[in-house]
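Student: Right, I'll just put the structure down here and ask away after.
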Amino acid sequence: MTSTIRSLLRATAVAAVVGVGGSYAAIPAAAEMTVEVGGAPMYPSKTIIENAVNSKDHTTLVAAVKAAGLVETLQGDGPFTVFAPTNAAFDKLPDGTIEMLLEPGSKDTLVKILTCHVVAADAMSDAIMGMIEDDGGMHQVKTLGGCLLDARMDGGSLTLTDENGNVATVTIADVKQSNGVIHVIDTVLLPKMG
């Protein structure tokens, strides 16, 4: 386990002890244990959307979520686990892909891609790693979009492989939200098309 994951797990454990009845709403924002993502603190008392809009590394993801009409969903109760690609992850896509996906006529495809990054559970990295170990080195994760992602450990890093063989590495794990958790990833995961 990398030192980053260990420190994030410790911060999450401390935040859980500070929380009252599993809710962080009673803790002033300044007193919350936060993780910095994209230059902004991520508050456990805020929703996935309320935090994501402040990350300078996730402006493309936020624009895509808005274009897909998924803002209300990701502000809902959840719980959700979001594997959140950075702007640099979106930049790896072929030229023109992002612009094409943001067009109104591509909304169904965009929704499918984005929901292939969301799991209907609050899956912290230690739980995912436990499932990987229990399953002999690979655990299959089913997303809201119906995609199957293969979760594995590669050295000390948690990775996800999509149905096309693209591999995303979790670069920041266990960013706790009021309605779930975000794991920052370095590659966009794509569904099998056609």
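Each chain in the structure tokens gets a letter, A, B, ..., in the order shown, and its residues are numbered from 1; ligands are numbered from 1 in order too.
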Please identify all polymer residues within 10 Å of Leu110 (chain A), counting only C-alpha atoms, omitting same-chain residues fewer than 4 positions from it, and present them as a ChimeraX atom specification.
Tutor: /A:64-65,67-69,98,100-106,114-116
Student: Residues of the last selection are to be written out with N, CA and C atoms, as a CSV table (one decimal), in the first residue's frame.
Tutor:
chain,number,residue,atom,x,y,z
A,64,ALA,N,-18.8,17.8,-18.4
A,64,ALA,CA,-19.4,16.6,-19.0
A,64,ALA,C,-20.6,16.2,-18.1
A,65,VAL,N,-20.5,16.2,-16.8
A,65,VAL,CA,-21.6,15.8,-15.9
A,65,VAL,C,-22.8,16.8,-16.2
A,67,ALA,N,-23.4,18.5,-19.0
A,67,ALA,CA,-23.9,18.3,-20.3
A,67,ALA,C,-24.8,17.0,-20.4
A,68,ALA,N,-24.4,16.0,-19.5
A,68,ALA,CA,-25.1,14.7,-19.5
A,68,ALA,C,-26.4,14.8,-18.6
A,69,GLY,N,-26.6,15.9,-17.9
A,69,GLY,CA,-27.7,16.0,-17.0
A,69,GLY,C,-27.6,15.2,-15.8
A,98,ILE,N,-13.7,15.0,-26.9
A,98,ILE,CA,-14.4,15.8,-25.8
A,98,ILE,C,-15.5,16.7,-26.4
A,100,MET,N,-17.0,16.5,-29.3
A,100,MET,CA,-18.1,15.6,-29.8
A,100,MET,C,-19.0,15.1,-28.8
A,101,LEU,N,-18.4,14.7,-27.6
A,101,LEU,CA,-19.2,14.1,-26.5
A,101,LEU,C,-20.1,15.2,-25.9
A,102,LEU,N,-19.6,16.5,-25.9
A,102,LEU,CA,-20.4,17.6,-25.3
A,102,LEU,C,-21.5,18.1,-26.2
A,103,GLU,N,-21.6,17.6,-27.4
A,103,GLU,CA,-22.7,18.1,-28.3
A,103,GLU,C,-24.0,17.4,-27.8
A,104,PRO,N,-25.1,18.1,-28.0
A,104,PRO,CA,-26.4,17.6,-27.5
A,104,PRO,C,-26.8,16.2,-28.1
A,105,GLY,N,-26.4,16.0,-29.4
A,105,GLY,CA,-26.7,14.7,-30.0
A,105,GLY,C,-25.9,13.5,-29.5
A,106,SER,N,-24.9,13.8,-28.7
A,106,SER,CA,-24.1,12.7,-28.1
A,106,SER,C,-24.4,12.4,-26.6
A,114,LEU,N,-20.0,8.4,-18.6
A,114,LEU,CA,-19.8,8.9,-17.3
A,114,LEU,C,-20.3,7.9,-16.2
A,115,THR,N,-21.5,7.2,-16.5
A,115,THR,CA,-22.0,6.3,-15.5
A,115,THR,C,-21.1,5.0,-15.4
A,116,CYS,N,-20.2,4.8,-16.4
A,116,CYS,CA,-19.3,3.7,-16.3
A,116,CYS,C,-18.1,4.1,-15.3
Student: For Thr73 (chain A), please output as a PyMOL selection string all residues within 12 Å (counting only C-alpha atoms; exclusion window: fewer than 5 positions along the same chain).
Tutor: chain A and resi 47-49+65-66+68+78-80+111+114-115+118+120+144+179
Student: Under the rule that only C-alpha atoms are counted, which of A:Val141, A:Met33, A:Leu74, A:Ile132 is the nearest residue to Ser45 (chain A)?
Tutor: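 Closest to Ser45 (chain A), using only C-alpha atoms: A:Met33.
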Student: Return as a ChimeraX atom specification the full set of residues in chain A whose backbone-based DSSP assignment is helix (DSSP H, G or I).
Tutor: /A:3-18,29-31,48-52,59-68,71-74,87-91,97-101,104-115,125-134
Student: For Met42 (chain A), please output as a ChimeraX atom specification all residues within 9 Å (counting only C-alpha atoms; exclusion window: fewer than 5 positions along the same chain).
Tutor: /A:33-37,48,50-52,54-55,175-177
Student: Write out as a list in words which residues come within 8 Å of Ala173 (chain A) when counting only C-alpha atoms, dropping same-chain ones fewer than 2 positions away.
Tutor: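 So the residues in contact are Ile5, Leu8, Met124, Ser125, Val170, Thr171, Val175, Ile182, His183 and Val184 of chain A.
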Student: Report the distance between CA of Glu163 (chain A) and CA of His139 (chain A) in Å, rounded to one decimal place.
Tutor: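 Between CA of Glu163 (chain A) and CA of His139 (chain A) the gap is 13.7 Å.
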Student: Report, in Å with one decimal, the straight-line distance from CA of His117 (chain A) to CA of Asp174 (chain A).
Tutor: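 The value is 14.9 Å.
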Student: Would you please work out which residue, of A:Gly155, A:Thr187, A:Gly146, A:Ile172, is nearest to Leu61 (chain A) when using only C-alpha atoms?
Tutor: A:Thr187
